[in-house]
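Participant: Sharing work-v1.cif (mmCIF, C-alpha atoms and all ligand atoms; chains and numbers go by the auth columns) below.
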data_structure
#
loop_
_atom_site.group_PDB
_atom_site.id
_atom_site.type_symbol
_atom_site.label_atom_id
_atom_site.label_comp_id
_atom_site.label_asym_id
_atom_site.label_seq_id
_atom_site.Cartn_x
_atom_site.Cartn_y
_atom_site.Cartn_z
_atom_site.B_iso_or_equiv
_atom_site.auth_seq_id
_atom_site.auth_asym_id
ATOM 1 C CA MET A 1 -55.410 19.027 153.625 0.00 1126 A
ATOM 2 C CA ARG A 2 -52.287 17.368 154.926 0.00 1127 A
ATOM 3 C CA VAL A 3 -51.831 16.284 158.556 0.00 1128 A
ATOM 4 C CA LEU A 4 -48.542 15.123 160.105 0.00 1129 A
ATOM 5 C CA PHE A 5 -48.304 13.444 163.527 0.00 1130 A
ATOM 6 C CA VAL A 6 -44.966 13.669 165.316 0.00 1131 A
ATOM 7 C CA CYS A 7 -43.536 11.752 168.305 0.00 1132 A
ATOM 8 C CA LEU A 8 -39.988 10.889 169.356 0.00 1133 A
ATOM 9 C CA GLY A 9 -39.180 7.609 167.600 0.00 1134 A
ATOM 10 C CA ASN A 10 -42.004 7.355 165.005 0.00 1135 A
ATOM 11 C CA ILE A 11 -42.508 3.719 165.947 0.00 1136 A
ATOM 12 C CA CYS A 12 -45.214 3.879 168.663 0.00 1137 A
ATOM 13 C CA ARG A 13 -47.440 6.932 169.127 0.00 1138 A
ATOM 14 C CA SER A 14 -47.383 8.817 165.826 0.00 1139 A
ATOM 15 C CA PRO A 15 -47.733 5.688 163.620 0.00 1140 A
ATOM 16 C CA THR A 16 -50.719 4.740 165.783 0.00 1141 A
ATOM 17 C CA ALA A 17 -52.248 8.182 165.263 0.00 1142 A
ATOM 18 C CA GLU A 18 -51.585 7.938 161.517 0.00 1143 A
ATOM 19 C CA GLY A 19 -53.322 4.554 161.310 0.00 1144 A
ATOM 20 C CA VAL A 20 -56.279 5.573 163.477 0.00 1145 A
ATOM 21 C CA LEU A 21 -56.918 8.879 161.690 0.00 1146 A
ATOM 22 C CA ARG A 22 -56.626 7.279 158.244 0.00 1147 A
ATOM 23 C CA HIS A 23 -59.168 4.634 159.281 0.00 1148 A
ATOM 24 C CA LYS A 24 -61.589 7.229 160.657 0.00 1149 A
ATOM 25 C CA LEU A 25 -61.244 9.399 157.543 0.00 1150 A
ATOM 26 C CA ARG A 26 -62.122 6.384 155.399 0.00 1151 A
ATOM 27 C CA GLU A 27 -65.219 5.782 157.514 0.00 1152 A
ATOM 28 C CA ALA A 28 -66.158 9.463 157.159 0.00 1153 A
ATOM 29 C CA GLY A 29 -65.704 9.353 153.354 0.00 1154 A
ATOM 30 C CA LEU A 30 -62.812 11.819 153.525 0.00 1155 A
ATOM 31 C CA ALA A 31 -59.927 9.500 152.662 0.00 1156 A
ATOM 32 C CA ASP A 32 -59.221 11.217 149.344 0.00 1157 A
ATOM 33 C CA ARG A 33 -59.425 14.727 150.821 0.00 1158 A
ATOM 34 C CA VAL A 34 -56.925 14.441 153.669 0.00 1159 A
ATOM 35 C CA GLU A 35 -53.387 13.087 153.485 0.00 1160 A
ATOM 36 C CA VAL A 36 -52.039 11.665 156.765 0.00 1161 A
ATOM 37 C CA ALA A 37 -48.436 10.925 157.692 0.00 1162 A
ATOM 38 C CA SER A 38 -46.190 10.620 160.733 0.00 1163 A
ATOM 39 C CA ALA A 39 -42.563 11.269 161.654 0.00 1164 A
ATOM 40 C CA GLY A 40 -40.208 11.288 164.628 0.00 1165 A
ATOM 41 C CA THR A 41 -38.025 14.040 166.027 0.00 1166 A
ATOM 42 C CA GLY A 42 -35.289 11.414 166.510 0.00 1167 A
ATOM 43 C CA ASP A 43 -33.579 9.315 163.841 0.00 1168 A
ATOM 44 C CA TRP A 44 -32.826 6.058 165.714 0.00 1169 A
ATOM 45 C CA HIS A 45 -35.576 4.019 164.085 0.00 1170 A
ATOM 46 C CA VAL A 46 -35.627 5.461 160.554 0.00 1171 A
ATOM 47 C CA GLY A 47 -36.789 2.853 158.020 0.00 1172 A
ATOM 48 C CA LYS A 48 -38.286 0.538 160.650 0.00 1173 A
ATOM 49 C CA ALA A 49 -41.863 -0.700 160.867 0.00 1174 A
ATOM 50 C CA PRO A 50 -43.887 0.335 163.930 0.00 1175 A
ATOM 51 C CA ASP A 51 -43.100 -1.395 167.243 0.00 1176 A
ATOM 52 C CA LYS A 52 -44.656 -4.892 167.346 0.00 1177 A
ATOM 53 C CA ARG A 53 -46.575 -3.976 170.507 0.00 1178 A
ATOM 54 C CA SER A 54 -48.138 -0.942 168.799 0.00 1179 A
ATOM 55 C CA GLN A 55 -49.002 -3.038 165.745 0.00 1180 A
ATOM 56 C CA ALA A 56 -50.592 -5.771 167.865 0.00 1181 A
ATOM 57 C CA ALA A 57 -52.663 -3.395 170.009 0.00 1182 A
ATOM 58 C CA ALA A 58 -53.812 -1.482 166.922 0.00 1183 A
ATOM 59 C CA GLN A 59 -54.651 -4.683 165.021 0.00 1184 A
ATOM 60 C CA LEU A 60 -57.012 -5.760 167.819 0.00 1185 A
ATOM 61 C CA ARG A 61 -59.008 -2.551 167.244 0.00 1186 A
ATOM 62 C CA GLY A 62 -58.954 -2.907 163.443 0.00 1187 A
ATOM 63 C CA TYR A 63 -56.056 -0.610 162.505 0.00 1188 A
ATOM 64 C CA ASP A 64 -53.277 -1.878 160.246 0.00 1189 A
ATOM 65 C CA LEU A 65 -49.917 -0.168 160.874 0.00 1190 A
ATOM 66 C CA SER A 66 -47.787 -2.804 159.130 0.00 1191 A
ATOM 67 C CA THR A 67 -46.904 -0.890 155.964 0.00 1192 A
ATOM 68 C CA GLN A 68 -45.679 2.227 157.754 0.00 1193 A
ATOM 69 C CA ARG A 69 -41.939 2.994 157.965 0.00 1194 A
ATOM 70 C CA ALA A 70 -40.315 5.447 160.359 0.00 1195 A
ATOM 71 C CA ARG A 71 -38.830 8.682 159.145 0.00 1196 A
ATOM 72 C CA GLN A 72 -37.438 11.790 160.786 0.00 1197 A
ATOM 73 C CA VAL A 73 -39.302 15.094 160.627 0.00 1198 A
ATOM 74 C CA SER A 74 -37.616 17.813 158.547 0.00 1199 A
ATOM 75 C CA ARG A 75 -37.896 21.564 158.026 0.00 1200 A
ATOM 76 C CA ALA A 76 -39.450 20.847 154.608 0.00 1201 A
ATOM 77 C CA ASP A 77 -42.451 19.267 156.381 0.00 1202 A
ATOM 78 C CA PHE A 78 -43.486 22.731 157.558 0.00 1203 A
ATOM 79 C CA ALA A 79 -44.059 23.723 153.916 0.00 1204 A
ATOM 80 C CA THR A 80 -45.854 20.484 152.995 0.00 1205 A
ATOM 81 C CA TYR A 81 -48.283 19.938 155.874 0.00 1206 A
ATOM 82 C CA ASP A 82 -51.184 22.139 156.963 0.00 1207 A
ATOM 83 C CA LEU A 83 -51.336 20.764 160.476 0.00 1208 A
ATOM 84 C CA ILE A 84 -48.478 19.246 162.493 0.00 1209 A
ATOM 85 C CA LEU A 85 -49.593 17.617 165.745 0.00 1210 A
ATOM 86 C CA ALA A 86 -47.092 16.744 168.485 0.00 1211 A
ATOM 87 C CA MET A 87 -47.703 13.875 170.893 0.00 1212 A
ATOM 88 C CA ASP A 88 -46.031 15.467 173.930 0.00 1213 A
ATOM 89 C CA ASN A 89 -44.543 18.763 175.101 0.00 1214 A
ATOM 90 C CA SER A 90 -40.994 17.650 174.416 0.00 1215 A
ATOM 91 C CA ASN A 91 -41.904 16.835 170.801 0.00 1216 A
ATOM 92 C CA LEU A 92 -43.614 20.233 170.532 0.00 1217 A
ATOM 93 C CA ARG A 93 -40.533 22.085 171.827 0.00 1218 A
ATOM 94 C CA ASN A 94 -38.301 20.236 169.353 0.00 1219 A
ATOM 95 C CA LEU A 95 -40.671 21.085 166.506 0.00 1220 A
ATOM 96 C CA GLU A 96 -40.771 24.748 167.534 0.00 1221 A
ATOM 97 C CA ALA A 97 -36.973 24.825 167.369 0.00 1222 A
ATOM 98 C CA LEU A 98 -37.066 23.334 163.856 0.00 1223 A
ATOM 99 C CA GLN A 99 -39.969 25.446 162.539 0.00 1224 A
ATOM 100 C CA PRO A 100 -38.930 27.884 159.775 0.00 1225 A
ATOM 101 C CA ALA A 101 -40.259 31.444 160.033 0.00 1226 A
ATOM 102 C CA MET A 102 -42.289 31.148 156.821 0.00 1227 A
ATOM 103 C CA GLY A 103 -43.711 27.619 157.084 0.00 1228 A
ATOM 104 C CA LYS A 104 -47.427 27.235 156.350 0.00 1229 A
ATOM 105 C CA ALA A 105 -47.992 24.474 158.877 0.00 1230 A
ATOM 106 C CA GLU A 106 -49.978 25.112 162.008 0.00 1231 A
ATOM 107 C CA LEU A 107 -48.221 23.449 164.938 0.00 1232 A
ATOM 108 C CA ASP A 108 -50.083 22.209 168.014 0.00 1233 A
ATOM 109 C CA LEU A 109 -50.169 19.668 170.812 0.00 1234 A
ATOM 110 C CA PHE A 110 -52.532 16.916 169.623 0.00 1235 A
ATOM 111 C CA LEU A 111 -54.509 16.277 172.819 0.00 1236 A
ATOM 112 C CA ARG A 112 -54.605 19.881 174.037 0.00 1237 A
ATOM 113 C CA ARG A 113 -56.145 20.974 170.741 0.00 1238 A
ATOM 114 C CA TYR A 114 -59.025 18.552 171.205 0.00 1239 A
ATOM 115 C CA GLN A 115 -59.668 19.324 174.868 0.00 1240 A
ATOM 116 C CA SER A 116 -58.718 15.980 176.263 0.00 1241 A
ATOM 117 C CA GLN A 117 -58.313 15.602 180.015 0.00 1242 A
ATOM 118 C CA VAL A 118 -54.600 15.110 179.541 0.00 1243 A
ATOM 119 C CA ASP A 119 -52.267 17.122 177.300 0.00 1244 A
ATOM 120 C CA GLU A 120 -49.775 14.468 176.357 0.00 1245 A
ATOM 121 C CA VAL A 121 -49.850 10.982 174.850 0.00 1246 A
ATOM 122 C CA PRO A 122 -47.436 9.203 177.247 0.00 1247 A
ATOM 123 C CA ASP A 123 -44.447 7.476 175.700 0.00 1248 A
ATOM 124 C CA PRO A 124 -45.270 3.733 175.957 0.00 1249 A
ATOM 125 C CA TYR A 125 -41.874 2.457 174.774 0.00 1250 A
ATOM 126 C CA TYR A 126 -40.645 1.339 178.196 0.00 1251 A
ATOM 127 C CA ASP A 127 -44.116 0.388 179.470 0.00 1252 A
ATOM 128 C CA GLY A 128 -46.123 -2.805 179.466 0.00 1253 A
ATOM 129 C CA GLU A 129 -49.153 -3.576 177.321 0.00 1254 A
ATOM 130 C CA GLN A 130 -51.354 -1.247 179.359 0.00 1255 A
ATOM 131 C CA GLY A 131 -49.398 1.752 178.060 0.00 1256 A
ATOM 132 C CA PHE A 132 -50.202 0.830 174.457 0.00 1257 A
ATOM 133 C CA GLU A 133 -53.919 0.536 175.261 0.00 1258 A
ATOM 134 C CA GLN A 134 -53.869 3.965 176.876 0.00 1259 A
ATOM 135 C CA VAL A 135 -52.134 5.406 173.797 0.00 1260 A
ATOM 136 C CA LEU A 136 -54.926 4.003 171.631 0.00 1261 A
ATOM 137 C CA ASP A 137 -57.691 5.295 173.934 0.00 1262 A
ATOM 138 C CA LEU A 138 -56.284 8.842 173.909 0.00 1263 A
ATOM 139 C CA ILE A 139 -55.599 8.845 170.162 0.00 1264 A
ATOM 140 C CA GLU A 140 -59.024 7.432 169.201 0.00 1265 A
ATOM 141 C CA HIS A 141 -60.826 10.090 171.231 0.00 1266 A
ATOM 142 C CA ALA A 142 -58.795 13.010 169.877 0.00 1267 A
ATOM 143 C CA SER A 143 -59.009 11.652 166.313 0.00 1268 A
ATOM 144 C CA ASP A 144 -62.813 11.663 166.430 0.00 1269 A
ATOM 145 C CA LEU A 145 -62.650 15.391 167.236 0.00 1270 A
ATOM 146 C CA LEU A 146 -59.957 15.987 164.617 0.00 1271 A
ATOM 147 C CA VAL A 147 -62.199 14.394 161.951 0.00 1272 A
ATOM 148 C CA ILE A 148 -64.975 16.823 162.956 0.00 1273 A
ATOM 149 C CA GLU A 149 -62.554 19.742 162.612 0.00 1274 A
ATOM 150 C CA LEU A 150 -61.352 18.506 159.218 0.00 1275 A
ATOM 151 C CA LYS A 151 -64.939 18.106 157.966 0.00 1276 A
ATOM 152 C CA GLY A 152 -65.553 21.741 158.877 0.00 1277 A
ATOM 153 C CA ARG A 153 -62.386 22.937 157.158 0.00 1278 A
ATOM 154 C CA LEU A 154 -62.811 21.065 153.858 0.00 1279 A
HETATM 155 P P1 LIG B . -42.538 6.885 170.126 0.00 1301 A
HETATM 156 O O1 LIG B . -41.883 5.938 171.237 0.00 1301 A
HETATM 157 O O2 LIG B . -41.896 8.244 170.279 0.00 1301 A
HETATM 158 O O3 LIG B . -43.972 6.900 170.479 0.00 1301 A
HETATM 159 O O4 LIG B . -42.243 6.238 168.793 0.00 1301 A
HETATM 160 C C1 LIG B . -40.502 5.774 171.388 0.00 1301 A
HETATM 161 C C2 LIG B . -39.832 4.867 170.588 0.00 1301 A
HETATM 162 C C3 LIG B . -38.482 4.665 170.759 0.00 1301 A
HETATM 163 C C4 LIG B . -37.801 5.384 171.724 0.00 1301 A
HETATM 164 C C5 LIG B . -38.477 6.293 172.518 0.00 1301 A
HETATM 165 C C6 LIG B . -39.825 6.494 172.326 0.00 1301 A
HETATM 166 N N1 LIG B . -36.417 5.158 171.936 0.00 1301 A
HETATM 167 O O5 LIG B . -35.852 5.730 172.871 0.00 1301 A
HETATM 168 O O6 LIG B . -35.793 4.422 171.154 0.00 1301 A
#
Please re-express this file's structure in structure tokens.

Facilitator:
Amino acid sequence: MRVLFVCLGNICRSPTAEGVLRHKLREAGLADRVEVASAGTGDWHVGKAPDKRSQAAAQLRGYDLSTQRARQVSRADFATYDLILAMDNSNLRNLEALQPAMGKAELDLFLRRYQSQVDEVPDPYYDGEQGFEQVLDLIEHASDLLVIELKGRL
């Protein structure tokens, strides 16, 4: 199984989701069964490490994002990944516009799929620290449910 998280810049939300899911898969003994990655719909930050604020907030909860580097999502990703999960509705619309007719990937909105109370992971880029904590809260909850889904599918 291959899972790809997508946000706008690939320096805040989707790297956080990548780090959190990878950690939870390791805890569940599924690290070698599921490949996790992330990408952005935009290209402004390609090659950069995750935002320092995302790294710091994640580190406090035990997730290491430091080795990740931003990249832009491509049409080829729809052939590589089984599940592509968008962080907000704008990301989802951009992915739908990019999606080839024959891609194998299932495309969905991350939080909506896991019945969270909110549909979108809010963009924290222009927010204070509180925004990064909220991103982590939402992603941790949905990732627990995603791990349960993955266990059932493997
Ligand atoms: P992300 O956050 O999509 O969660 O990585 C953002 C990062 C950078 C920008 C916007 C959102 N930006 O406009 O540069």

Participant: What does the PyMOL selection byres (((chain A and resi 1208) around 6) and not hetatm) select in this file, as a VMD selection string?

Facilitator: chain A and resid 1128 1206 to 1207 1209 1230 to 1231

Participant: Between A:Glu1160, A:Asp1248, A:Glu1274, A:Asp1168, which has the minimum distance to A:Leu1261 (counting all atoms listed in the file)?

Facilitator: A:Asp1248

Participant: Which is closer to A:Gly1144 than all the others in A:Ala1156, A:Leu1232, A:Val1171, A:Ala1204, using only C-alpha atoms?

Facilitator: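 Nearest to A:Gly1144: A:Ala1156.
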
Participant: Taking only C-alpha atoms and all ligand atoms and a cut-off of 9 Å, can you tell me which residues surround ligand LIG 1301 (chain A), written as a PDB file with C-alpha atoms, in the frame of the given file?

Facilitator:
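Listing of selection33.pdb after writing:
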ATOM      1  CA  VAL A1131     -44.966  13.669 165.316  1.00  0.00           C
ATOM      2  CA  CYS A1132     -43.536  11.752 168.305  1.00  0.00           C
ATOM      3  CA  LEU A1133     -39.988  10.889 169.356  1.00  0.00           C
ATOM      4  CA  GLY A1134     -39.180   7.609 167.600  1.00  0.00           C
ATOM      5  CA  ASN A1135     -42.004   7.355 165.005  1.00  0.00           C
ATOM      6  CA  ILE A1136     -42.508   3.719 165.947  1.00  0.00           C
ATOM      7  CA  CYS A1137     -45.214   3.879 168.663  1.00  0.00           C
ATOM      8  CA  ARG A1138     -47.440   6.932 169.127  1.00  0.00           C
ATOM      9  CA  SER A1139     -47.383   8.817 165.826  1.00  0.00           C
ATOM     10  CA  PRO A1140     -47.733   5.688 163.620  1.00  0.00           C
ATOM     11  CA  THR A1141     -50.719   4.740 165.783  1.00  0.00           C
ATOM     12  CA  ALA A1164     -42.563  11.269 161.654  1.00  0.00           C
ATOM     13  CA  GLY A1165     -40.208  11.288 164.628  1.00  0.00           C
ATOM     14  CA  THR A1166     -38.025  14.040 166.027  1.00  0.00           C
ATOM     15  CA  GLY A1167     -35.289  11.414 166.510  1.00  0.00           C
ATOM     16  CA  TRP A1169     -32.826   6.058 165.714  1.00  0.00           C
ATOM     17  CA  HIS A1170     -35.576   4.019 164.085  1.00  0.00           C
ATOM     18  CA  PRO A1175     -43.887   0.335 163.930  1.00  0.00           C
ATOM     19  CA  ASP A1176     -43.100  -1.395 167.243  1.00  0.00           C
ATOM     20  CA  ALA A1195     -40.315   5.447 160.359  1.00  0.00           C
ATOM     21  CA  MET A1212     -47.703  13.875 170.893  1.00  0.00           C
ATOM     22  CA  ASN A1216     -41.904  16.835 170.801  1.00  0.00           C
ATOM     23  CA  VAL A1246     -49.850  10.982 174.850  1.00  0.00           C
ATOM     24  CA  PRO A1247     -47.436   9.203 177.247  1.00  0.00           C
ATOM     25  CA  ASP A1248     -44.447   7.476 175.700  1.00  0.00           C
ATOM     26  CA  PRO A1249     -45.270   3.733 175.957  1.00  0.00           C
ATOM     27  CA  TYR A1250     -41.874   2.457 174.774  1.00  0.00           C
ATOM     28  CA  TYR A1251     -40.645   1.339 178.196  1.00  0.00           C
ATOM     29  CA  VAL A1260     -52.134   5.406 173.797  1.00  0.00           C
TER      30      VAL A1260
END

Participant: Using only C-alpha atoms, pick whichever of A:Leu1275, A:Ala1211, A:Leu1146, A:Ala1181 has the shortest atom-to-atom distance to A:Val1161.

Facilitator: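 That would be A:Leu1146, the residue with the smallest distance to A:Val1161.
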
Participant: To one decimal in Å, tell me the separation between atom CA of A:Ala1267 and atom CA of A:Phe1203.

Facilitator: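 Taking atom CA of A:Ala1267 as the start and atom CA of A:Phe1203 as the end point, the length is 21.9 Å.
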
Participant: Env of A:Gly1172: 9 Å cut, atoms = only C-alpha atoms, seq-sep filter 5 positions within chain, self excluded. Answer as a ChimeraX atom specification.

Facilitator: /A:1193-1196

Participant: Applied to this file, what does the PyMOL selection byres (((chain A and resi 1263) around 10) and not hetatm) return in terms of residues, put as a list in words?

Facilitator: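 When the PyMOL selection byres (((chain A and resi 1263) around 10) and not hetatm) is applied to the shown file, the picked residues are Ala1142, Phe1235, Leu1236, Ser1241, Gln1242, Val1243, Asp1244, Glu1245, Val1246, Pro1247, Glu1258, Gln1259, Val1260, Leu1261, Asp1262, Ile1264, Glu1265, His1266, Ala1267 and Ser1268 of chain A.
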
Participant: What does the distance between atom CA of A:Thr1205 and atom CA of A:Asp1157 come to in Å, to one decimal place?

Facilitator: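 The value is 16.7 Å.
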
Participant: Mind giving me the straight-line distance from atom CA of A:Leu1150 to atom CA of A:Arg1278 in Å, one decimal?

Facilitator: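 Separation between atom CA of A:Leu1150 and atom CA of A:Arg1278: 13.6 Å.
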
Participant: Which residue, A:Lys1229, A:Arg1200, A:Arg1237, A:Arg1186, has the smallest gap to A:Asp1213 when you use all atoms listed in the file?

Facilitator: A:Arg1237

Participant: Listed atoms of stretch 1181-1185 of chain A, axis-aligned box, 6 Å per side: centre and edge lengths to one decimal in Å, as AutoDock Vina command-line options?

Facilitator:
--center_x -53.8 --center_y -3.6 --center_z 167.5 --size_x 18.4 --size_y 16.3 --size_z 17.0

Participant: Measuring between only C-alpha atoms, which one of A:Tyr1239, A:Ala1183, A:Val1159, A:Pro1225 shows the shortest distance to A:Leu1129?

Facilitator: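 Using only C-alpha atoms, the shortest distance to A:Leu1129 belongs to A:Val1159.
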
Participant: A:Leu1279: which residues within 8 Å, counting only C-alpha atoms, same-chain residues fewer than 2 positions away excluded, as a list in words?

Facilitator: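 My list of contacting residues is Met1126, Arg1158, Leu1275, Lys1276 and Gly1277 of chain A.
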
Participant: Starting from the incomplete input, reconstruct all heavy atoms of stretch 1167-1177 of chain A and write that as an mmCIF file, in the coordinates of the input.

Facilitator:
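As a result, selection.cif now contains:
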data_model
loop_
_atom_site.group_PDB
_atom_site.id
_atom_site.type_symbol
_atom_site.label_atom_id
_atom_site.label_comp_id
_atom_site.auth_asym_id
_atom_site.auth_seq_id
_atom_site.Cartn_x
_atom_site.Cartn_y
_atom_site.Cartn_z
ATOM 1 N N GLY A 1167 -36.565 12.137 166.489
ATOM 2 C CA GLY A 1167 -35.289 11.414 166.510
ATOM 3 C C GLY A 1167 -35.105 10.559 165.271
ATOM 4 O O GLY A 1167 -36.054 10.330 164.514
ATOM 5 N N ASP A 1168 -33.864 10.082 165.068
ATOM 6 C CA ASP A 1168 -33.579 9.315 163.841
ATOM 7 C C ASP A 1168 -33.191 7.857 164.111
ATOM 8 O O ASP A 1168 -32.814 7.139 163.187
ATOM 9 C CB ASP A 1168 -32.483 10.006 163.019
ATOM 10 C CG ASP A 1168 -31.132 10.011 163.728
ATOM 11 O OD1 ASP A 1168 -31.057 9.550 164.893
ATOM 12 O OD2 ASP A 1168 -30.147 10.491 163.131
ATOM 13 N N TRP A 1169 -33.314 7.398 165.367
ATOM 14 C CA TRP A 1169 -32.826 6.058 165.714
ATOM 15 C C TRP A 1169 -33.533 4.938 164.963
ATOM 16 O O TRP A 1169 -32.981 3.891 164.736
ATOM 17 C CB TRP A 1169 -32.988 5.769 167.219
ATOM 18 C CG TRP A 1169 -32.515 6.868 168.095
ATOM 19 C CD1 TRP A 1169 -31.214 7.158 168.378
ATOM 20 C CD2 TRP A 1169 -33.320 7.837 168.779
ATOM 21 N NE1 TRP A 1169 -31.167 8.251 169.202
ATOM 22 C CE2 TRP A 1169 -32.429 8.681 169.467
ATOM 23 C CE3 TRP A 1169 -34.693 8.067 168.876
ATOM 24 C CZ2 TRP A 1169 -32.872 9.751 170.240
ATOM 25 C CZ3 TRP A 1169 -35.142 9.126 169.642
ATOM 26 C CH2 TRP A 1169 -34.232 9.946 170.317
ATOM 27 N N HIS A 1170 -34.779 5.124 164.629
ATOM 28 C CA HIS A 1170 -35.576 4.019 164.085
ATOM 29 C C HIS A 1170 -35.949 4.212 162.611
ATOM 30 O O HIS A 1170 -36.839 3.523 162.107
ATOM 31 C CB HIS A 1170 -36.844 3.833 164.928
ATOM 32 C CG HIS A 1170 -36.546 3.555 166.365
ATOM 33 N ND1 HIS A 1170 -36.090 2.335 166.821
ATOM 34 C CD2 HIS A 1170 -36.590 4.354 167.457
ATOM 35 C CE1 HIS A 1170 -35.888 2.392 168.123
ATOM 36 N NE2 HIS A 1170 -36.175 3.609 168.535
ATOM 37 N N VAL A 1171 -35.282 5.150 161.944
ATOM 38 C CA VAL A 1171 -35.627 5.461 160.554
ATOM 39 C C VAL A 1171 -35.622 4.188 159.695
ATOM 40 O O VAL A 1171 -34.693 3.384 159.766
ATOM 41 C CB VAL A 1171 -34.634 6.517 159.980
ATOM 42 C CG1 VAL A 1171 -34.767 6.637 158.464
ATOM 43 C CG2 VAL A 1171 -34.878 7.872 160.632
ATOM 44 N N GLY A 1172 -36.676 4.007 158.916
ATOM 45 C CA GLY A 1172 -36.789 2.853 158.020
ATOM 46 C C GLY A 1172 -37.460 1.652 158.649
ATOM 47 O O GLY A 1172 -37.793 0.694 157.949
ATOM 48 N N LYS A 1173 -37.689 1.697 159.963
ATOM 49 C CA LYS A 1173 -38.286 0.538 160.650
ATOM 50 C C LYS A 1173 -39.804 0.589 160.650
ATOM 51 O O LYS A 1173 -40.412 1.667 160.642
ATOM 52 C CB LYS A 1173 -37.806 0.485 162.099
ATOM 53 C CG LYS A 1173 -36.367 0.061 162.247
ATOM 54 C CD LYS A 1173 -36.105 -0.379 163.685
ATOM 55 C CE LYS A 1173 -34.624 -0.381 163.985
ATOM 56 N NZ LYS A 1173 -34.340 0.033 165.365
ATOM 57 N N ALA A 1174 -40.408 -0.599 160.706
ATOM 58 C CA ALA A 1174 -41.863 -0.700 160.867
ATOM 59 C C ALA A 1174 -42.217 -0.316 162.310
ATOM 60 O O ALA A 1174 -41.352 -0.343 163.195
ATOM 61 C CB ALA A 1174 -42.305 -2.124 160.577
ATOM 62 N N PRO A 1175 -43.480 0.019 162.560
ATOM 63 C CA PRO A 1175 -43.887 0.335 163.930
ATOM 64 C C PRO A 1175 -43.577 -0.812 164.897
ATOM 65 O O PRO A 1175 -43.561 -1.988 164.498
ATOM 66 C CB PRO A 1175 -45.397 0.556 163.802
ATOM 67 C CG PRO A 1175 -45.587 1.003 162.394
ATOM 68 C CD PRO A 1175 -44.573 0.238 161.596
ATOM 69 N N ASP A 1176 -43.348 -0.438 166.157
ATOM 70 C CA ASP A 1176 -43.100 -1.395 167.243
ATOM 71 C C ASP A 1176 -44.170 -2.497 167.218
ATOM 72 O O ASP A 1176 -45.355 -2.223 167.037
ATOM 73 C CB ASP A 1176 -43.165 -0.610 168.565
ATOM 74 C CG ASP A 1176 -42.745 -1.436 169.753
ATOM 75 O OD1 ASP A 1176 -43.503 -2.336 170.150
ATOM 76 O OD2 ASP A 1176 -41.676 -1.155 170.299
ATOM 77 N N LYS A 1177 -43.730 -3.737 167.397
ATOM 78 C CA LYS A 1177 -44.656 -4.892 167.346
ATOM 79 C C LYS A 1177 -45.805 -4.745 168.334
ATOM 80 O O LYS A 1177 -46.936 -5.173 168.063
ATOM 81 C CB LYS A 1177 -43.891 -6.183 167.685
ATOM 82 C CG LYS A 1177 -42.897 -6.598 166.622
ATOM 83 C CD LYS A 1177 -43.612 -7.247 165.435
ATOM 84 C CE LYS A 1177 -42.626 -7.679 164.364
ATOM 85 N NZ LYS A 1177 -43.121 -7.421 163.001
#
